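A.B. asks: My structure is in input-v3.pdb, and what it holds is PDB, C-alpha atoms:
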ATOM      1  CA  GLN A   1      -3.996 -15.245  16.733
ATOM      2  CA  ALA A   2      -1.336 -14.068  14.288
ATOM      3  CA  GLN A   3       2.028 -13.086  15.725
ATOM      4  CA  LEU A   4       5.153 -11.529  14.263
ATOM      5  CA  VAL A   5       8.597 -11.841  15.838
ATOM      6  CA  GLU A   6      11.481  -9.719  14.588
ATOM      7  CA  SER A   7      15.154 -10.567  15.063
ATOM      8  CA  GLY A   8      18.596  -9.814  13.695
ATOM      9  CA  GLY A   9      19.177  -6.273  14.872
ATOM     10  CA  GLY A  10      22.390  -5.074  16.436
ATOM     11  CA  ARG A  11      25.066  -2.414  16.452
ATOM     12  CA  VAL A  12      27.230  -1.859  13.401
ATOM     13  CA  GLN A  13      29.509   0.819  12.046
ATOM     14  CA  ALA A  14      28.510   2.965   9.109
ATOM     15  CA  GLY A  15      28.920   1.026   5.885
ATOM     16  CA  GLY A  16      28.156  -2.281   7.555
ATOM     17  CA  SER A  17      25.362  -4.764   6.944
ATOM     18  CA  LEU A  18      22.631  -6.527   8.885
ATOM     19  CA  ARG A  19      19.941  -9.009   7.960
ATOM     20  CA  LEU A  20      16.644  -8.811   9.792
ATOM     21  CA  SER A  21      14.139 -11.642   9.990
ATOM     22  CA  CYS A  22      10.446 -11.643  10.802
ATOM     23  CA  ALA A  23       8.767 -14.944  11.603
ATOM     24  CA  ALA A  24       5.000 -15.096  11.303
ATOM     25  CA  SER A  25       2.715 -17.566  12.991
ATOM     26  CA  GLY A  26      -0.964 -18.189  13.356
ATOM     27  CA  ASP A  27      -2.145 -16.919   9.992
ATOM     28  CA  ILE A  28      -1.963 -17.588   6.252
ATOM     29  CA  PHE A  29       1.272 -15.699   5.669
ATOM     30  CA  SER A  30       1.637 -16.418   1.970
ATOM     31  CA  ILE A  31      -1.407 -14.413   0.883
ATOM     32  CA  TYR A  32      -0.465 -11.151   2.575
ATOM     33  CA  VAL A  33       1.594  -8.188   1.508
ATOM     34  CA  MET A  34       4.277  -7.798   4.170
ATOM     35  CA  GLY A  35       6.244  -4.730   5.114
ATOM     36  CA  TRP A  36       9.176  -3.566   7.175
ATOM     37  CA  TYR A  37       8.797  -0.352   9.131
ATOM     38  CA  ARG A  38      11.098   1.615  11.415
ATOM     39  CA  GLN A  39      10.813   4.192  14.144
ATOM     40  CA  ALA A  40      13.726   6.411  15.069
ATOM     41  CA  PRO A  41      13.845   8.229  18.410
ATOM     42  CA  GLY A  42      11.488  11.185  18.401
ATOM     43  CA  LYS A  43      10.081  10.357  14.980
ATOM     44  CA  GLN A  44       6.977   8.676  13.648
ATOM     45  CA  ARG A  45       7.083   5.103  12.452
ATOM     46  CA  GLU A  46       7.697   4.942   8.704
ATOM     47  CA  LEU A  47       7.462   2.340   5.981
ATOM     48  CA  VAL A  48      10.811   1.038   4.761
ATOM     49  CA  ALA A  49       9.729  -1.532   2.167
ATOM     50  CA  PHE A  50       6.943  -3.926   1.320
ATOM     51  CA  ILE A  51       6.720  -7.130  -0.691
ATOM     52  CA  VAL A  52       3.722  -8.767  -2.333
ATOM     53  CA  PRO A  53       3.178 -12.537  -2.242
ATOM     54  CA  SER A  54       4.764 -12.980  -5.692
ATOM     55  CA  GLY A  55       7.950 -11.286  -4.530
ATOM     56  CA  ILE A  56       7.634  -7.874  -6.156
ATOM     57  CA  ALA A  57       8.990  -5.257  -3.781
ATOM     58  CA  ASN A  58       8.774  -1.520  -3.248
ATOM     59  CA  TYR A  59      11.152   0.676  -1.238
ATOM     60  CA  ALA A  60      11.213   4.031   0.460
ATOM     61  CA  ASP A  61      13.440   6.494  -1.373
ATOM     62  CA  GLY A  62      16.007   6.646   1.405
ATOM     63  CA  VAL A  63      16.807   2.927   1.281
ATOM     64  CA  LYS A  64      16.592   2.167  -2.439
ATOM     65  CA  GLY A  65      19.696   0.430  -3.655
ATOM     66  CA  ARG A  66      20.851  -0.379  -0.102
ATOM     67  CA  PHE A  67      18.062  -2.519   1.380
ATOM     68  CA  THR A  68      16.479  -5.659  -0.052
ATOM     69  CA  ILE A  69      13.251  -7.183   1.217
ATOM     70  CA  SER A  70      12.520 -10.839   0.526
ATOM     71  CA  ARG A  71      10.212 -13.555   1.754
ATOM     72  CA  ASP A  72      10.089 -17.303   2.160
ATOM     73  CA  ASN A  73       6.431 -18.283   2.106
ATOM     74  CA  GLY A  74       7.261 -21.876   3.069
ATOM     75  CA  LYS A  75       8.881 -20.617   6.261
ATOM     76  CA  SER A  76       6.378 -17.794   6.832
ATOM     77  CA  THR A  77       9.327 -15.417   7.139
ATOM     78  CA  VAL A  78      10.153 -12.052   5.639
ATOM     79  CA  TYR A  79      13.700 -10.685   5.565
ATOM     80  CA  LEU A  80      15.353  -7.302   5.240
ATOM     81  CA  GLN A  81      18.941  -7.263   4.026
ATOM     82  CA  MET A  82      20.458  -3.903   4.889
ATOM     83  CA  ASN A  83      23.759  -2.899   3.290
ATOM     84  CA  SER A  84      25.765   0.333   3.344
ATOM     85  CA  LEU A  85      24.111   1.291   6.601
ATOM     86  CA  LYS A  86      24.126   4.920   7.670
ATOM     87  CA  PRO A  87      23.718   6.505  11.116
ATOM     88  CA  GLU A  88      20.308   7.785  10.019
ATOM     89  CA  ASP A  89      19.164   4.158   9.648
ATOM     90  CA  THR A  90      19.316   3.854  13.440
ATOM     91  CA  ALA A  91      15.829   2.862  14.609
ATOM     92  CA  VAL A  92      13.678   0.082  15.945
ATOM     93  CA  TYR A  93      12.617  -2.036  12.984
ATOM     94  CA  TYR A  94       9.244  -3.773  12.864
ATOM     95  CA  CYS A  95       7.466  -5.999  10.407
ATOM     96  CA  ASN A  96       3.725  -6.004   9.805
ATOM     97  CA  ARG A  97       1.311  -6.465   7.027
ATOM     98  CA  TYR A  98       1.039  -3.677   4.452
ATOM     99  CA  PRO A  99      -0.992  -1.663   5.130
ATOM    100  CA  ALA A 100      -0.138  -2.232   8.776
ATOM    101  CA  ARG A 101      -2.593  -3.842  11.177
ATOM    102  CA  GLY A 102      -2.600  -2.323  14.643
ATOM    103  CA  GLY A 103      -2.884  -5.588  16.503
ATOM    104  CA  LEU A 104       0.140  -7.133  14.784
ATOM    105  CA  TRP A 105       2.942  -4.881  16.008
ATOM    106  CA  GLY A 106       5.642  -6.875  17.761
ATOM    107  CA  GLN A 107       8.548  -5.810  19.933
ATOM    108  CA  GLY A 108      10.704  -4.876  16.987
ATOM    109  CA  THR A 109      14.466  -5.209  16.743
ATOM    110  CA  GLN A 110      16.920  -2.390  17.452
ATOM    111  CA  VAL A 111      19.392  -1.343  14.776
ATOM    112  CA  THR A 112      22.105   1.088  15.794
ATOM    113  CA  VAL A 113      24.579   2.442  13.249
ATOM    114  CA  SER A 114      27.571   4.355  14.561
ATOM    115  CA  SER A 115      29.586   6.819  12.526
TER     116      SER A 115
END
Could I get this structure in the form of structure tokens?
C.D. replies:
Amino acid sequence: QAQLVESGGGRVQAGGSLRLSCAASGDIFSIYVMGWYRQAPGKQRELVAFIVPSGIANYADGVKGRFTISRDNGKSTVYLQMNSLKPEDTAVYYCNRYPARGGLWGQGTQVTVSS
């Protein structure tokens, strides 16, 4: 059974940085497109970025130029480097395949950005 475990969240001030990690187990990670998603209070979960096995990435408009998604297929891990954070980036961040698979959602990791 595949599992995804997110880590690296925390509380930072606006303009700060965080690096999120997502460790995958139980499946052939390297062949899947992986994505980072987030859900802010009172809002629907949204796609932040996704990355194909070769490393080509795509970003939501609101994070372009600030966030960078990457992956280490040998470690079955996908990362999200978040720079120049804004209060509106406050959310629970999740990783999943892209498109997302319902049974793969983990606990997520909380990111809180204060102004």
A.B. asks: Quick check on the file I pasted: which residues fall under the PyMOL selection byres ((chain A and resi 50) around 8)? Write them as a ChimeraX atom specification.
C.D. replies: /A:33-36,47-49,51-52,57-59,69,98
A.B. asks: Any chance you could export the current selection's C-alpha atoms as a PDB file, in the coordinates of the input?
C.D. replies:
ATOM      1  CA  VAL A  33       1.594  -8.188   1.508  1.00  0.00           C
ATOM      2  CA  MET A  34       4.277  -7.798   4.170  1.00  0.00           C
ATOM      3  CA  GLY A  35       6.244  -4.730   5.114  1.00  0.00           C
ATOM      4  CA  TRP A  36       9.176  -3.566   7.175  1.00  0.00           C
ATOM      5  CA  LEU A  47       7.462   2.340   5.981  1.00  0.00           C
ATOM      6  CA  VAL A  48      10.811   1.038   4.761  1.00  0.00           C
ATOM      7  CA  ALA A  49       9.729  -1.532   2.167  1.00  0.00           C
ATOM      8  CA  ILE A  51       6.720  -7.130  -0.691  1.00  0.00           C
ATOM      9  CA  VAL A  52       3.722  -8.767  -2.333  1.00  0.00           C
ATOM     10  CA  ALA A  57       8.990  -5.257  -3.781  1.00  0.00           C
ATOM     11  CA  ASN A  58       8.774  -1.520  -3.248  1.00  0.00           C
ATOM     12  CA  TYR A  59      11.152   0.676  -1.238  1.00  0.00           C
ATOM     13  CA  ILE A  69      13.251  -7.183   1.217  1.00  0.00           C
ATOM     14  CA  TYR A  98       1.039  -3.677   4.452  1.00  0.00           C
TER      15      TYR A  98
END
A.B. asks: Run the PyMOL selection byres ((chain A and resi 74) around 12) mentally over the shown coordinates, then write out the matched residues as a PyMOL selection string, using the chain letters and numbers from the document.
C.D. replies: chain A and resi 23-25+28-31+53+71-73+75-78
A.B. asks: Taking only C-alpha atoms into account, which of A:Ile56, A:Val92, A:Leu20, A:Val12 comes nearest Trp105 of chain A?
C.D. replies: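 Once distances to Trp105 of chain A are computed over only C-alpha atoms, the minimum belongs to A:Val92.
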A.B. asks: Smallest atom-to-atom distance to Ser54 of chain A: which of A:Thr90, A:Ser70, A:Ser114, A:Gln39, using all atoms listed in the file?
C.D. replies: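 Nearest to Ser54 of chain A: A:Ser70.
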A.B. asks: Residues at most 10 Å from Gly103 of chain A, counting all atoms listed in the file, excluding those fewer than 3 positions away in the same chain, as a list of chain:residue names?
C.D. replies: A:Gln1, A:Ala2, A:Gln3, A:Asn96, A:Ala100, A:Gly106
A.B. asks: Once you have the residues from the selection above, write them out as a PDB file, in the frame of the given file, restricted to C-alpha atoms.
C.D. replies:
ATOM      1  CA  GLN A   1      -3.996 -15.245  16.733  1.00  0.00           C
ATOM      2  CA  ALA A   2      -1.336 -14.068  14.288  1.00  0.00           C
ATOM      3  CA  GLN A   3       2.028 -13.086  15.725  1.00  0.00           C
ATOM      4  CA  ASN A  96       3.725  -6.004   9.805  1.00  0.00           C
ATOM      5  CA  ALA A 100      -0.138  -2.232   8.776  1.00  0.00           C
ATOM      6  CA  GLY A 106       5.642  -6.875  17.761  1.00  0.00           C
TER       7      GLY A 106
END
A.B. asks: So which one's closest to Leu4 of chain A, A:Ser21, A:Lys86, A:Leu104, A:Gln110? Using all atoms listed in the file, please.
C.D. replies: A:Leu104
A.B. asks: Give me, please, the distance in Å between atom CA of Val111 of chain A and atom CA of Asn83 of chain A, quoted to one decimal.
C.D. replies: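 The value is 12.4 Å.
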A.B. asks: What's the separation between atom CA of Met82 of chain A and atom CA of Arg19 of chain A, in Å to one decimal place?
C.D. replies: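 Rounded to one decimal, the two atoms are 6.0 Å apart.
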A.B. asks: Would you kindly translate the PyMOL selection byres ((chain A and resi 38) around 6) into the concrete residues it picks from this file, as a ChimeraX atom specification?
C.D. replies: /A:37,39,45-46,91-94
A.B. asks: Output segment 63-76 of chain A as a tab-separated table (two decimals), in the frame of the given file, making sure N, CA and C atoms are there.
C.D. replies:
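Done, and the output landed in part_2.tsv:
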chain	number	residue	atom	x	y	z
A	63	VAL	N	16.14	4.23	1.15
A	63	VAL	CA	16.81	2.93	1.28
A	63	VAL	C	16.98	2.23	-0.05
A	64	LYS	N	16.46	2.80	-1.11
A	64	LYS	CA	16.59	2.17	-2.44
A	64	LYS	C	18.05	1.95	-2.78
A	65	GLY	N	18.34	0.76	-3.27
A	65	GLY	CA	19.70	0.43	-3.66
A	65	GLY	C	20.57	-0.06	-2.51
A	66	ARG	N	20.08	0.08	-1.27
A	66	ARG	CA	20.85	-0.38	-0.10
A	66	ARG	C	20.15	-1.53	0.63
A	67	PHE	N	18.83	-1.49	0.67
A	67	PHE	CA	18.06	-2.52	1.38
A	67	PHE	C	17.36	-3.43	0.38
A	68	THR	N	17.21	-4.70	0.76
A	68	THR	CA	16.48	-5.66	-0.05
A	68	THR	C	15.53	-6.45	0.83
A	69	ILE	N	14.25	-6.40	0.50
A	69	ILE	CA	13.25	-7.18	1.22
A	69	ILE	C	13.00	-8.47	0.44
A	70	SER	N	12.82	-9.56	1.16
A	70	SER	CA	12.52	-10.84	0.53
A	70	SER	C	11.63	-11.65	1.46
A	71	ARG	N	11.10	-12.73	0.94
A	71	ARG	CA	10.21	-13.56	1.75
A	71	ARG	C	10.37	-15.01	1.38
A	72	ASP	N	10.13	-15.87	2.37
A	72	ASP	CA	10.09	-17.30	2.16
A	72	ASP	C	8.72	-17.76	2.64
A	73	ASN	N	7.80	-17.95	1.72
A	73	ASN	CA	6.43	-18.28	2.11
A	73	ASN	C	6.35	-19.64	2.79
A	74	GLY	N	7.25	-20.56	2.43
A	74	GLY	CA	7.26	-21.88	3.07
A	74	GLY	C	7.64	-21.80	4.54
A	75	LYS	N	8.44	-20.80	4.88
A	75	LYS	CA	8.88	-20.62	6.26
A	75	LYS	C	8.11	-19.51	6.97
A	76	SER	N	7.15	-18.91	6.26
A	76	SER	CA	6.38	-17.79	6.83
A	76	SER	C	7.30	-16.73	7.41
